[in-house]
Amino acid sequence: GRILVVADALNVSLSAAWVWQTYTVGQAFAVHETAYSYSRSWVPLCRCIQACVLGNATLSTALTMMISLVDYFYYQLRGGQAYRLLATVMFIVAMAWMTELAAWHGAAAKIEIRASKHSQALLHKLLAAFCDADVCLDKSLNIVQHAPKLGALLLRNAAFGEPTSIRGPIHIMDIVHPEDRGL
């Protein structure tokens, strides 16, 4: 909500400051070539950091293109300088979009984990309501969580299923009667 509006407002304000910087630096130097050479090393880095930190790749793309057009027309760039500016714009835009996509993927992963944990909790509640005991097993069929209801059914302690440092994890077949293992 609000933090995004503040970040967007800061992004627009900083972009306006870059345009202002273009004109003030250009006025400070008599020759536009010198002014452009002065700022071309550190300004693109700052603009890239701005686009990545403040987010909103769509807004950052539009602002980057606007600032670059101001640079292009104010300094009357030609040849190599124009191509360098184009490469800088493409780099800043690519970094902004990669940062945005990484944030989206991170958020999607967190939502998926939260949904998975919620589903697992619902399944556990459902099994606990319908079954005498529920047991969590790993791929090797070892009990991975304590199973107090299973321990009570087997007349063992409530901490049944917790691996101990002496014995290690309990395999589910270790608690099945030998006659029932062949079924």
# chains A, B, ... in the order shown; residues from 1 in each chain; ligands from 1

call {"tool": "residues_around", "arguments": {"residues": "segment 9-15 of chain A", "least_positions_apart": "4", "cutoff": "12 Å", "atoms": "only C-alpha atoms", "output": "count of residues only"}}
result
34

call {"tool": "residues_around", "arguments": {"residues": "Ser140 of chain A", "least_positions_apart": "2", "cutoff": "12 Å", "atoms": "only C-alpha atoms", "output": "MDAnalysis selection string"}}
result
chainID A and resid 136:138 142:144 169:173

call {"tool": "write_last_selection", "arguments": {"atoms": "N, CA, C and O atoms", "output": "mmCIF file, in the first residue's frame"}}
result
data_model
loop_
_atom_site.group_PDB
_atom_site.id
_atom_site.type_symbol
_atom_site.label_atom_id
_atom_site.label_comp_id
_atom_site.auth_asym_id
_atom_site.auth_seq_id
_atom_site.Cartn_x
_atom_site.Cartn_y
_atom_site.Cartn_z
ATOM 1 N N CYS A 136 3.888 -39.658 10.632
ATOM 2 C CA CYS A 136 4.625 -39.043 9.522
ATOM 3 C C CYS A 136 5.858 -39.886 9.240
ATOM 4 O O CYS A 136 6.665 -40.136 10.137
ATOM 5 N N LEU A 137 5.990 -40.308 7.968
ATOM 6 C CA LEU A 137 7.106 -41.152 7.553
ATOM 7 C C LEU A 137 7.940 -40.440 6.501
ATOM 8 O O LEU A 137 7.416 -39.636 5.740
ATOM 9 N N ASP A 138 9.229 -40.783 6.443
ATOM 10 C CA ASP A 138 10.062 -40.285 5.357
ATOM 11 C C ASP A 138 10.101 -41.319 4.238
ATOM 12 O O ASP A 138 9.360 -42.317 4.274
ATOM 13 N N ASN A 142 10.831 -44.339 7.873
ATOM 14 C CA ASN A 142 11.186 -44.050 9.256
ATOM 15 C C ASN A 142 10.186 -43.040 9.806
ATOM 16 O O ASN A 142 9.739 -42.137 9.094
ATOM 17 N N ILE A 143 9.859 -43.163 11.070
ATOM 18 C CA ILE A 143 8.957 -42.214 11.714
ATOM 19 C C ILE A 143 9.757 -40.940 11.967
ATOM 20 O O ILE A 143 10.805 -40.969 12.597
ATOM 21 N N VAL A 144 9.255 -39.805 11.447
ATOM 22 C CA VAL A 144 10.027 -38.565 11.514
ATOM 23 C C VAL A 144 9.492 -37.584 12.554
ATOM 24 O O VAL A 144 10.171 -36.609 12.873
ATOM 25 N N PRO A 169 16.374 -43.279 14.240
ATOM 26 C CA PRO A 169 14.954 -43.243 13.887
ATOM 27 C C PRO A 169 14.329 -44.639 13.942
ATOM 28 O O PRO A 169 14.998 -45.655 13.777
ATOM 29 N N ILE A 170 13.024 -44.671 14.164
ATOM 30 C CA ILE A 170 12.281 -45.931 14.229
ATOM 31 C C ILE A 170 11.691 -46.215 12.862
ATOM 32 O O ILE A 170 10.980 -45.381 12.298
ATOM 33 N N HIS A 171 11.980 -47.405 12.336
ATOM 34 C CA HIS A 171 11.398 -47.830 11.063
ATOM 35 C C HIS A 171 9.998 -48.356 11.348
ATOM 36 O O HIS A 171 9.775 -49.050 12.353
ATOM 37 N N ILE A 172 9.054 -48.049 10.499
ATOM 38 C CA ILE A 172 7.655 -48.429 10.732
ATOM 39 C C ILE A 172 7.508 -49.951 10.831
ATOM 40 O O ILE A 172 6.673 -50.452 11.595
ATOM 41 N N MET A 173 8.306 -50.689 10.101
ATOM 42 C CA MET A 173 8.198 -52.153 10.139
ATOM 43 C C MET A 173 8.725 -52.738 11.449
ATOM 44 O O MET A 173 8.410 -53.882 11.781
#

call {"tool": "closest_residue", "arguments": {"among": "A:Phe91, A:Trp18, A:Trp42, A:Trp104", "to": "Asp71 of chain A", "atoms": "only C-alpha atoms"}}
result
A:Trp18

call {"tool": "select_by_dssp", "arguments": {"residues": "chain A", "states": "helix (DSSP H, G or I)", "output": "number ranges by chain"}}
result
A: 2-28, 32-39, 43-54, 57-75, 80-130, 148-153, 172-175, 178-180

call {"tool": "atom_distance", "arguments": {"atom1": "atom CA of Tyr23 of chain A", "atom2": "atom CA of Trp97 of chain A"}}
result
28.2 Å

call {"tool": "residues_around", "arguments": {"residues": "His124 of chain A", "least_positions_apart": "5", "cutoff": "9 Å", "atoms": "only C-alpha atoms", "output": "ChimeraX atom specification"}}
result
/A:119,129,134

call {"tool": "closest_residue", "arguments": {"among": "A:Leu69, A:Tyr75, A:Gly151, A:Ala109", "to": "Val89 of chain A", "atoms": "only C-alpha atoms"}}
result
A:Leu69

call {"tool": "closest_residue", "arguments": {"among": "A:Ala107, A:Val25, A:Ala115, A:Met95", "to": "Tyr74 of chain A", "atoms": "only C-alpha atoms"}}
result
A:Val25

call {"tool": "atom_distance", "arguments": {"atom1": "atom CA of Ala94 of chain A", "atom2": "atom CA of Glu112 of chain A"}}
result
26.6 Å
